[in-house]
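Structure below is my_file27.txt: compact mmCIF, C-alpha atoms.
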# COMPACT_ATOMS: atom_id res chain seq x y z
CA MET A 8 11.51 -30.26 7.19
CA ASN A 9 8.16 -31.44 5.84
CA LEU A 10 9.62 -31.42 2.31
CA VAL A 11 12.51 -33.60 3.45
CA ILE A 12 10.10 -36.07 5.05
CA LEU A 13 7.91 -36.07 1.93
CA PHE A 14 10.98 -36.71 -0.26
CA VAL A 15 12.06 -39.64 1.91
CA GLN A 16 8.53 -41.07 1.86
CA VAL A 17 8.26 -40.84 -1.94
CA TRP A 18 11.79 -42.19 -2.46
CA GLY A 19 11.13 -45.08 -0.07
CA GLY A 20 7.73 -45.80 -1.60
CA ILE A 21 9.17 -46.09 -5.11
CA GLY A 22 12.01 -48.17 -3.65
CA ALA A 23 9.50 -50.54 -2.07
CA VAL A 24 7.75 -51.09 -5.41
CA VAL A 25 11.10 -51.60 -7.17
CA ALA A 26 12.20 -54.04 -4.46
CA LEU A 27 8.98 -56.02 -4.73
CA VAL A 28 9.13 -56.36 -8.53
CA PHE A 29 12.89 -56.84 -8.75
CA LEU A 30 13.13 -59.48 -6.04
CA ILE A 31 10.17 -61.46 -7.37
CA PHE A 32 10.79 -61.23 -11.11
CA GLY A 33 14.01 -59.40 -11.94
CA ILE A 34 16.81 -60.81 -9.90
CA SER A 35 16.62 -64.33 -11.26
CA ARG A 36 16.71 -62.99 -14.82
CA ILE A 37 19.97 -61.10 -14.42
CA ASP A 38 21.77 -63.32 -11.91
CA GLU A 39 21.65 -67.03 -12.52
CA ASP A 40 23.07 -67.65 -9.04
CA ALA A 41 19.88 -66.20 -7.58
CA ARG A 42 17.61 -68.67 -9.34
CA GLY A 43 15.94 -70.90 -6.77
CA ALA A 44 17.53 -68.95 -3.91
CA LEU A 45 14.76 -67.17 -2.06
CA SER A 46 15.60 -66.72 1.60
CA PHE A 47 18.30 -64.09 1.02
CA ARG A 48 16.05 -61.84 -1.03
CA PRO A 49 14.29 -60.05 1.86
CA LEU A 50 17.74 -59.10 3.14
CA LEU A 51 18.19 -56.93 0.03
CA ILE A 52 15.07 -54.83 0.65
CA PRO A 53 16.69 -52.13 2.85
CA GLY A 54 19.46 -51.57 0.33
CA ILE A 55 17.07 -51.43 -2.62
CA LEU A 56 14.92 -48.85 -0.82
CA ILE A 57 17.95 -46.56 -0.87
CA ILE A 58 19.63 -47.28 -4.21
CA TRP A 59 16.66 -48.25 -6.32
CA PRO A 60 17.71 -46.05 -9.30
CA LEU A 61 21.00 -47.96 -9.48
CA VAL A 62 19.08 -51.25 -9.26
CA ILE A 63 16.84 -50.25 -12.18
CA TRP A 64 19.81 -49.12 -14.23
CA ARG A 65 21.76 -52.36 -13.62
CA TRP A 66 18.61 -54.40 -14.25
CA TRP A 67 18.17 -52.67 -17.58
CA GLN A 68 21.88 -53.02 -18.44
CA LEU A 69 22.05 -56.73 -17.64
CA THR A 70 18.72 -57.83 -19.09
CA GLY A 71 19.36 -60.37 -21.79
CA THR A 72 22.90 -61.15 -20.63
CA THR A 73 24.10 -64.09 -18.64
CA THR A 74 26.07 -63.85 -15.48
CA THR A 75 29.73 -63.91 -16.38
CA SER A 76 32.91 -62.39 -15.17
CA VAL A 77 32.23 -59.60 -17.68
CA THR A 78 28.89 -58.61 -16.16
CA ARG A 79 30.43 -58.62 -12.71
CA SER A 80 33.59 -56.78 -13.65
CA ALA A 81 32.09 -53.27 -13.64
CA PRO A 82 31.01 -53.29 -9.99
CA ARG A 83 34.22 -55.03 -8.97
CA GLU A 84 36.44 -52.51 -10.73
CA SER A 85 34.74 -49.67 -8.89
CA HIS A 86 35.35 -51.17 -5.44
CA ALA A 87 38.62 -49.32 -4.91
CA ILE A 88 37.25 -45.87 -5.72
CA VAL A 89 34.06 -46.52 -3.75
CA ALA A 90 36.10 -47.57 -0.72
CA VAL A 91 38.14 -44.37 -0.90
CA VAL A 92 35.06 -42.18 -1.40
CA LEU A 93 33.26 -43.83 1.51
CA ALA A 94 36.30 -43.39 3.75
CA VAL A 95 36.42 -39.67 2.84
CA ILE A 96 32.66 -39.22 3.37
CA VAL A 97 32.68 -40.97 6.75
CA SER A 98 35.71 -39.00 7.95
CA ALA A 99 34.32 -35.70 6.65
CA THR A 100 30.96 -36.39 8.30
CA LEU A 101 32.63 -37.13 11.61
CA PHE A 102 34.77 -34.01 11.57
CA THR A 103 31.93 -31.80 10.29
CA THR A 104 29.57 -32.88 13.04
CA GLU A 105 32.24 -32.17 15.61
CA ALA A 106 32.95 -28.78 14.07
CA ILE A 107 29.35 -27.54 13.90
CA ARG A 108 28.25 -29.01 17.23
CA GLN A 109 26.72 -26.49 19.61
CA GLU A 110 28.75 -25.40 22.60
CA TRP A 111 27.11 -25.67 26.01
CA PRO A 112 26.32 -22.00 26.82
CA SER A 113 27.82 -22.03 30.30
CA HIS A 114 28.62 -18.32 29.99
CA LEU A 115 24.93 -17.37 29.83
CA ALA A 116 23.65 -16.70 33.31
CA PRO A 117 19.93 -16.75 34.15
CA ILE A 118 18.38 -13.29 33.82
CA ARG A 119 15.60 -12.18 36.12
CA LEU A 120 13.09 -10.24 34.03
CA ASP A 121 10.80 -9.07 36.79
CA GLN A 122 10.13 -9.50 40.48
CA ALA A 123 8.07 -12.30 41.92
CA GLN A 124 4.42 -11.45 42.30
CA MET B 15 50.23 -69.78 -18.02
CA SER B 16 49.76 -69.74 -14.27
CA ASP B 17 49.67 -66.52 -12.26
CA LYS B 18 52.48 -66.62 -9.67
CA ARG B 19 51.47 -63.45 -7.80
CA PRO B 20 51.07 -64.09 -4.04
CA PHE B 21 47.46 -64.22 -2.86
CA PHE B 22 46.30 -63.83 0.72
CA VAL B 23 43.84 -66.39 2.07
CA GLY B 24 42.93 -66.02 5.71
CA TYR B 25 42.99 -69.68 6.64
CA LEU B 26 46.20 -70.50 4.76
CA PRO B 27 49.79 -69.59 5.70
CA THR B 28 50.56 -66.02 4.69
CA PRO B 29 52.80 -65.83 1.59
CA ARG B 30 56.28 -64.57 2.52
CA GLU B 31 55.99 -61.60 0.14
CA LEU B 32 52.82 -60.36 1.86
CA ARG B 33 53.87 -60.68 5.50
CA LEU B 34 55.30 -57.18 5.82
CA LEU B 35 52.23 -55.67 4.14
CA LEU B 36 49.88 -57.69 6.35
CA ILE B 37 51.67 -56.65 9.55
CA SER B 38 51.75 -53.00 8.43
CA VAL B 39 48.04 -52.96 7.60
CA ALA B 40 47.14 -54.71 10.85
CA VAL B 41 49.18 -52.29 12.98
CA ALA B 42 47.83 -49.28 11.07
CA ALA B 43 44.21 -50.48 11.43
CA ILE B 44 44.55 -51.14 15.17
CA THR B 45 46.25 -47.77 15.67
CA ALA B 46 43.55 -45.99 13.66
CA PHE B 47 40.79 -47.58 15.72
CA VAL B 48 42.51 -46.68 19.00
CA VAL B 49 43.02 -43.07 17.87
CA ALA B 50 39.43 -42.82 16.60
CA ALA B 51 38.07 -44.25 19.86
CA TRP B 52 40.18 -41.80 21.87
CA ALA B 53 39.15 -38.83 19.67
CA VAL B 54 35.44 -39.63 19.84
CA GLY B 55 35.52 -40.52 23.53
CA THR B 56 37.36 -37.41 24.69
CA THR B 57 35.06 -35.04 22.78
CA GLN B 58 31.86 -36.35 24.37
CA ASP B 59 30.21 -34.80 27.40
CA ASN B 60 30.37 -36.69 30.66
CA PRO B 61 27.16 -38.77 30.82
CA GLY B 62 27.06 -38.38 34.60
CA ASP B 63 26.29 -40.94 37.24
CA GLY B 64 22.52 -41.12 36.76
CA ARG B 65 20.92 -44.54 36.82
CA LEU B 66 17.88 -46.55 37.68
CA ARG B 67 18.31 -47.43 41.35
CA PHE B 68 17.30 -51.07 41.24
CA ASP B 69 19.87 -51.58 43.99
CA LEU B 70 17.59 -49.67 46.41
CA GLY B 71 14.65 -51.91 45.65
CA ARG B 72 11.11 -50.82 44.92
CA GLN B 73 9.98 -47.76 46.79
CA THR B 74 6.43 -47.38 48.05
CA ILE B 75 5.41 -43.88 49.00
CA VAL B 76 2.22 -42.05 49.85
CA GLY B 77 1.59 -38.55 48.65
CA VAL B 78 -0.56 -35.97 46.96
CA LEU B 79 -0.91 -36.54 43.24
CA GLU B 80 -0.80 -33.70 40.76
CA THR B 81 -1.26 -34.37 37.06
CA SER B 82 -0.75 -30.94 35.52
CA PRO B 83 1.37 -30.20 33.58
CA TYR B 84 2.86 -33.67 34.12
CA PRO B 85 2.25 -36.25 36.85
CA MET B 86 4.13 -35.66 40.07
CA VAL B 87 3.60 -36.68 43.65
CA HIS B 88 4.23 -34.58 46.74
CA VAL B 89 5.43 -37.13 49.27
CA THR B 90 3.65 -37.25 52.64
CA HIS B 91 5.03 -40.62 53.74
CA GLY B 92 8.43 -41.37 52.30
CA THR B 93 11.00 -44.11 52.64
CA ASP B 94 14.64 -44.32 53.71
CA VAL B 95 15.70 -42.82 50.38
CA ILE B 96 12.69 -40.65 49.49
CA ALA B 97 12.13 -37.92 52.02
CA THR B 98 8.74 -36.79 53.20
CA GLY B 99 8.13 -33.39 51.66
CA GLU B 100 9.96 -34.18 48.44
CA THR B 101 8.20 -33.75 45.11
CA LEU B 102 8.87 -36.56 42.65
CA MET B 103 8.09 -36.62 38.94
CA LEU B 104 6.45 -39.83 37.75
CA ALA B 105 7.13 -41.83 34.59
CA GLY B 106 5.96 -45.20 33.39
CA ALA B 107 7.97 -48.07 31.99
CA GLY B 108 9.72 -47.59 28.67
CA LYS B 109 8.86 -44.41 26.79
CA PHE B 110 5.55 -43.82 28.49
CA GLY B 111 4.20 -41.59 31.19
CA VAL B 112 1.55 -42.41 33.76
CA GLU B 113 -0.84 -39.60 32.85
CA PRO B 114 -3.57 -41.73 31.22
CA HIS B 115 -4.06 -43.65 34.45
CA ALA B 116 -3.14 -40.84 36.84
CA SER B 117 -5.84 -38.57 35.41
CA ARG B 118 -8.47 -41.20 36.27
CA VAL B 119 -7.40 -41.64 39.88
CA ASP B 120 -10.32 -40.35 41.93
CA SER B 121 -8.47 -39.27 45.03
CA PRO B 122 -5.81 -36.64 45.60
CA VAL B 123 -3.93 -39.02 47.89
CA VAL B 124 -2.21 -41.98 46.29
CA GLU B 125 0.12 -44.82 47.10
CA VAL B 126 2.81 -45.21 44.47
CA THR B 127 5.31 -48.02 44.01
CA GLY B 128 8.24 -47.75 41.67
CA VAL B 129 11.95 -47.61 41.10
CA LEU B 130 13.89 -44.44 41.77
CA LEU B 131 15.91 -42.73 39.06
CA ASN B 132 18.56 -40.41 40.35
CA ARG B 133 21.12 -38.09 38.79
CA GLY B 134 22.38 -35.33 41.04
CA ASP B 135 19.35 -33.29 42.07
CA ILE B 136 17.11 -34.86 39.43
CA ARG B 137 14.92 -37.58 40.87
CA MET B 138 12.04 -39.42 39.31
CA LEU B 139 10.01 -42.51 40.09
CA GLN B 140 9.50 -45.08 37.35
CA VAL B 141 6.11 -46.65 37.96
CA PRO B 142 5.67 -49.86 35.98
CA ASN B 143 2.08 -50.91 35.37
CA PRO B 144 0.44 -47.78 36.84
CA ARG B 145 -2.94 -49.49 37.23
CA ARG B 146 -1.41 -51.71 39.89
CA ASN B 147 1.24 -49.41 41.30
CA LEU B 148 -0.55 -46.06 41.38
CA LYS B 149 -3.57 -46.46 43.63
CA ALA B 150 -5.93 -43.99 45.23
CA ILE B 151 -6.18 -44.28 48.99
CA ASP B 152 -8.51 -42.65 51.46
CA GLY B 153 -7.60 -39.37 53.03
CA GLU B 154 -7.13 -35.74 52.32
CA GLY B 155 -3.63 -34.61 51.58
CA PRO B 156 -2.17 -31.34 52.76
CA SER B 157 -2.29 -28.46 50.34
CA VAL B 158 0.86 -28.17 48.25
CA ASN B 159 2.98 -25.08 48.64
CA SER B 160 3.14 -23.01 45.47
CA LYS B 161 5.36 -19.99 45.05
CA ASN B 162 5.99 -17.71 42.11
CA LEU B 163 9.76 -17.33 41.62
CA GLY B 164 9.44 -14.66 38.94
CA ARG B 165 9.95 -14.29 35.23
CA TRP B 166 13.29 -15.39 33.79
CA ARG B 167 15.28 -15.79 30.60
CA LEU B 168 17.16 -19.04 30.93
CA ALA B 169 19.74 -20.78 28.75
CA GLY B 170 20.02 -24.52 28.58
CA GLU B 171 18.43 -27.59 27.09
CA ILE B 172 15.05 -29.33 27.15
CA CYS B 173 15.53 -33.01 27.99
CA ASP B 174 13.22 -35.84 28.85
CA GLY B 175 13.42 -36.23 32.59
CA LYS B 176 13.61 -39.98 32.63
CA CYS B 177 16.59 -40.46 30.32
CA LEU B 178 18.39 -37.50 31.87
CA ALA B 179 17.86 -38.91 35.36
CA GLY B 180 19.62 -42.10 34.40
CA ALA B 181 17.50 -44.29 32.13
CA MET B 182 19.95 -43.53 29.32
CA ARG B 183 23.59 -42.57 29.33
CA PRO B 184 23.97 -40.10 27.79
CA GLY B 185 20.42 -38.87 28.23
CA ARG B 186 20.86 -35.47 26.65
CA GLY B 187 22.31 -33.66 23.66
CA ILE B 188 21.60 -33.73 19.94
CA ALA B 189 22.49 -37.43 19.68
CA HIS B 190 19.68 -38.17 22.13
CA LYS B 191 17.12 -35.85 20.52
CA ALA B 192 14.98 -38.48 18.79
CA CYS B 193 14.77 -40.62 21.93
CA ALA B 194 13.92 -37.61 24.08
CA GLU B 195 11.12 -36.49 21.73
CA LEU B 196 9.59 -39.98 21.76
CA CYS B 197 9.75 -40.11 25.55
CA ILE B 198 8.15 -36.68 25.96
CA GLU B 199 5.45 -37.41 23.39
CA GLY B 200 4.80 -40.62 25.32
CA GLY B 201 4.13 -38.62 28.46
CA VAL B 202 7.47 -38.67 30.26
CA PRO B 203 7.93 -35.35 32.10
CA PRO B 204 10.38 -33.05 30.29
CA VAL B 205 12.91 -31.01 32.24
CA PHE B 206 14.90 -27.90 31.42
CA VAL B 207 18.56 -28.06 32.42
CA THR B 208 19.95 -24.60 32.99
CA THR B 209 23.50 -23.39 32.58
CA GLN B 210 23.54 -22.13 36.15
CA PRO B 211 21.25 -22.78 39.13
CA VAL B 212 18.13 -20.64 39.38
CA ALA B 213 16.76 -20.13 42.89
CA ASP B 214 18.84 -23.17 43.93
CA HIS B 215 17.34 -25.34 41.17
CA GLU B 216 19.69 -26.85 38.58
CA PHE B 217 16.80 -28.26 36.59
CA MET B 218 13.07 -27.68 36.39
CA LEU B 219 10.01 -29.36 34.99
CA ILE B 220 9.12 -27.48 31.82
CA ALA B 221 5.67 -26.89 30.35
CA ASN B 222 3.84 -24.46 28.08
CA GLY B 223 3.25 -20.95 29.25
CA ASP B 224 -0.40 -21.90 29.91
CA GLY B 225 0.62 -24.80 32.13
CA GLU B 226 -0.19 -27.46 29.56
CA PRO B 227 2.25 -30.15 28.29
CA LEU B 228 4.87 -29.05 25.74
CA ASN B 229 3.52 -27.85 22.41
CA SER B 230 5.11 -28.69 19.06
CA GLU B 231 7.23 -25.52 19.00
CA LEU B 232 8.93 -26.46 22.27
CA LEU B 233 9.10 -30.14 21.34
CA GLU B 234 11.06 -29.27 18.19
CA LYS B 235 13.78 -27.71 20.34
CA VAL B 236 14.37 -30.73 22.55
CA GLY B 237 18.08 -31.57 22.66
CA VAL B 238 19.09 -28.17 21.25
CA TYR B 239 20.85 -25.51 23.30
CA ILE B 240 18.41 -22.61 23.52
CA SER B 241 17.48 -19.65 25.63
CA LEU B 242 13.88 -18.73 26.34
CA GLU B 243 11.68 -16.78 28.68
CA GLY B 244 9.07 -17.99 31.07
CA GLU B 245 7.63 -17.95 34.51
CA LEU B 246 9.21 -20.02 37.27
CA ILE B 247 6.87 -21.59 39.80
CA GLN B 248 7.82 -23.69 42.79
CA ARG B 249 5.41 -26.58 43.37
CA GLY B 250 6.38 -28.42 46.52
CA SER B 251 10.12 -28.98 46.21
CA LEU B 252 10.01 -28.96 42.40
CA ALA B 253 10.54 -25.95 40.16
CA VAL B 254 8.22 -25.69 37.15
CA PHE B 255 9.19 -23.48 34.21
CA LEU B 256 6.19 -22.25 32.21
CA ALA B 257 7.97 -21.36 28.98
CA ASN B 258 6.91 -18.97 26.25
CA HIS B 259 7.76 -20.69 22.96
CA GLU B 260 7.71 -17.38 21.06
CA SER B 261 10.82 -16.30 22.98
CA ILE B 262 12.97 -19.26 21.94
CA GLU B 263 16.43 -18.36 20.65
CA VAL B 264 18.65 -21.14 19.33
CA LEU B 265 22.21 -20.61 20.56
CA PRO B 266 25.33 -21.00 18.41

I'd like the structure from this file rewritten - as structure tokens, please.
Amino acid sequence: MNLVILFVQVWGGIGAVVALVFLIFGISRIDEDARGALSFRPLLIPGILIIWPLVIWRWWQLTGTTTTSVTRSAPRESHAIVAVVLAVIVSATLFTTEAIRQEWPSHLAPIRLDQAQ
Amino acid sequence: MSDKRPFFVGYLPTPRELRLLLISVAVAAITAFVVAAWAVGTTQDNPGDGRLRFDLGRQTIVGVLETSPYPMVHVTHGTDVIATGETLMLAGAGKFGVEPHASRVDSPVVEVTGVLLNRGDIRMLQVPNPRRNLKAIDGEGPSVNSKNLGRWRLAGEICDGKCLAGAMRPGRGIAHKACAELCIEGGVPPVFVTTQPVADHEFMLIANGDGEPLNSELLEKVGVYISLEGELIQRGSLAVFLANHESIEVLP
């Protein structure tokens, strides 16, 4: 459990640094629509904390390009498959949690181990 | 060349070619949500009828205060809804207990004002602002009856007494684990709910085997169905289970 917590802390810490740098310097370089638009940027922080490797990869891919229908086509084309995958994951999660849920042990009666002193 | 394919825009009339698809998707979505709501709802445990009894108004009682393992008061002067002789667990507002203040009260007899929480046999008094509502008064309280009910292996679940008694619905189970751990760490008395009554008690205050508040081993098992051994003590009208964490067995 401690390893899981450590992993989340490290992942979130790197994500926080990526979010800070990307939202201050990066986003306006790869998305011309974001130039001069500031108030929406904090709203992206939670998402960047989670998917910061994808943010870095897209940042690197789009650096030096201008925002066009071409640069936006890749994410848009993957919408359909992402929607299906998410639907499967959500359904599978729901059914799995139901399947592995503990049963209330109503059949286990209290057992007296000794007599009262 | 213009694209003549129909295109749906929410605020414009629906193209004739898309009407059947739109109706089909709408009916399917509504049906799916209804089925999902039914499936989730019918597989959940009954949250019970526990609640904060604001409808009964604030209750002011007098009794003998005990702070170990968790604050409780043995009532010597009750009200219409809290009987004299009853032992009530005490919690503060939110996810806090009253122990920090209760341990500084310099008299065994106190006057307590709060709101009753009630779910079946589980009763607790929520005492907001303990400095004002938990006051020492003059007098010597009667000694509290204590009886050893023996050593037991019990199956059930560790819950925080406040949520279980009605502050939350549901106030138990794995979905409530994080909330319960925060409440117990904040000083709310934890209770052990057993599968079957033990010496006429369906629940009991739970503490370490040495009579201290829950240790980390027991706290980790909050919200999980377990069986464990311990000594059962009756303090006033309340059963107290002094659990041995080394005997914990997580049930399938």

Quick one: of A:Ser113, A:Gln16, A:Trp66, A:Leu50, who's nearest to Phe32 of chain A, counting all atoms listed in the file?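 Between A:Ser113, A:Gln16, A:Trp66, A:Leu50, the residue approaching Phe32 of chain A most closely is A:Trp66.
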
Can you list every residue of chain A that has an atom at most 7 Å from chain B, with its nearest atom pair and the distance in Å to one decimal, using only C-alpha atoms, ordered by chain then number, as CSV?
residue,atom,partner,partner_atom,distance
A:Gln109,CA,B:Pro266,CA,5.8
A:Glu110,CA,B:Pro266,CA,7.0
A:Trp111,CA,B:Tyr239,CA,6.8
A:Pro112,CA,B:Thr209,CA,6.6
A:Ser113,CA,B:Thr209,CA,5.1
A:Leu115,CA,B:Ala169,CA,6.3
A:Ala116,CA,B:Gln210,CA,6.1
A:Pro117,CA,B:Leu168,CA,4.8
A:Ile118,CA,B:Arg167,CA,5.1
A:Arg119,CA,B:Trp166,CA,4.6
A:Leu120,CA,B:Trp166,CA,5.2
A:Asp121,CA,B:Arg165,CA,5.5
A:Gln122,CA,B:Gly164,CA,5.4
A:Ala123,CA,B:Gly164,CA,4.0
A:Gln124,CA,B:Asn162,CA,6.5

Rounded to one decimal in Å, what is the spacing between atom CA of Arg108 of chain A and atom CA of Gly237 of chain B?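 Atom CA of Arg108 of chain A sits 11.8 Å away from atom CA of Gly237 of chain B.
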
Residue neighbourhood Gly20 of chain A, 12 Å, only C-alpha atoms, exclusion window fewer than 4 positions, as a list in words: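 These residues fall inside the cut-off: Leu13, Phe14, Val15, Gln16, Val24, Val25, Ala26, Leu27, Ile52, Pro53, Ile55, Leu56, Ile57 and Trp59 of chain A.
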
Have a look at atom CA of Glu260 of chain B and atom CA of Val236 of chain B and let me know their distance in Å, one decimal. 15.0 Å

So which residues touch Arg118 of chain B within 12 Å, counting all atoms listed in the file, skipping near sequence neighbours fewer than 3 positions away, as a PyMOL selection string? chain B and resi 79-81+85+112-115+121-122+124+144-145+148-150

Keeping C-alpha atoms for every residue in the selection just given, could you write it to a file as an mmCIF file, in the coordinates of the input?
data_model
loop_
_atom_site.group_PDB
_atom_site.id
_atom_site.type_symbol
_atom_site.label_atom_id
_atom_site.label_comp_id
_atom_site.auth_asym_id
_atom_site.auth_seq_id
_atom_site.Cartn_x
_atom_site.Cartn_y
_atom_site.Cartn_z
ATOM 1 C CA LEU B 79 -0.910 -36.540 43.240
ATOM 2 C CA GLU B 80 -0.800 -33.700 40.760
ATOM 3 C CA THR B 81 -1.260 -34.370 37.060
ATOM 4 C CA PRO B 85 2.250 -36.250 36.850
ATOM 5 C CA VAL B 112 1.550 -42.410 33.760
ATOM 6 C CA GLU B 113 -0.840 -39.600 32.850
ATOM 7 C CA PRO B 114 -3.570 -41.730 31.220
ATOM 8 C CA HIS B 115 -4.060 -43.650 34.450
ATOM 9 C CA SER B 121 -8.470 -39.270 45.030
ATOM 10 C CA PRO B 122 -5.810 -36.640 45.600
ATOM 11 C CA VAL B 124 -2.210 -41.980 46.290
ATOM 12 C CA PRO B 144 0.440 -47.780 36.840
ATOM 13 C CA ARG B 145 -2.940 -49.490 37.230
ATOM 14 C CA LEU B 148 -0.550 -46.060 41.380
ATOM 15 C CA LYS B 149 -3.570 -46.460 43.630
ATOM 16 C CA ALA B 150 -5.930 -43.990 45.230
#

With all atoms listed in the file as the counted atoms, please give the residues lying no more than 12 Å from His190 of chain B, apart from itself and same-chain residues fewer than 3 positions off, as a ChimeraX atom specification. /B:61,171-174,177-178,181-187,193-197,236-238

Quick one: pull the distance between atom CA of Phe217 of chain B and atom CA of Gly106 of chain B, Å, one decimal.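 It comes out at 20.4 Å.
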
For Gly64 of chain B, list every protein, DNA or RNA residue within 7 Å, evaluated using all atoms listed in the file, and leave out those in the same chain fewer than 6 positions away; present the list as number ranges by chain. B: 132-133, 179-180

With all atoms of segment 39-51 of chain A from the file as input, state the centre and edge lengths in Å to one decimal of the axis-aligned box that has 8 Å extra on each side, as AutoDock Vina command-line options.
--center_x 18.7 --center_y -63.9 --center_z -4.7 --size_x 24.8 --size_y 30.0 --size_z 31.7

So that I can see what lies close to segment 32-38 of chain B, please list as a list in words the residues with an atom at most 10 Å from it, counting all atoms listed in the file and leaving out residues fewer than 6 positions away in the same chain.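 Counting all atoms listed in the file, the residues come to Pro20, Phe21 and Phe22 of chain B.
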
What does the file look like for those residues with C-alpha atoms, as an mmCIF file, in the coordinates of the input?
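And here is the file that came out, part-v6.cif:
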data_model
loop_
_atom_site.group_PDB
_atom_site.id
_atom_site.type_symbol
_atom_site.label_atom_id
_atom_site.label_comp_id
_atom_site.auth_asym_id
_atom_site.auth_seq_id
_atom_site.Cartn_x
_atom_site.Cartn_y
_atom_site.Cartn_z
ATOM 1 C CA PRO B 20 51.070 -64.090 -4.040
ATOM 2 C CA PHE B 21 47.460 -64.220 -2.860
ATOM 3 C CA PHE B 22 46.300 -63.830 0.720
#

Could you check the closest approach to Ile58 of chain A for each of A:Ser98, A:Leu10, A:Trp18, A:Thr104 and tell me which residue wins, using all atoms listed in the file?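 The closest residue to Ile58 of chain A is A:Trp18.
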
Protein/DNA/RNA residues near (5.1, -37.2, 32.6), cut 6 Å, only C-alpha atoms, as a list in words: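 Those residues, ordered by chain and then number, are Tyr84, Pro85, Leu104, Ala105, Gly111, Gly201, Val202 and Pro203 of chain B.
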
Counting all atoms listed in the file, figure out which residue out of B:Gly128, B:Gly175, B:Gly250, B:Pro142 gets nearest to Leu70 of chain B.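 The shortest atom-to-atom distance to Leu70 of chain B comes from B:Gly128.
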
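Nearest residue to Ser160 of chain B, choosing from B:Arg249, B:Val119, B:Asn143, B:Ala192 and counting all atoms listed in the file: B:Arg249.
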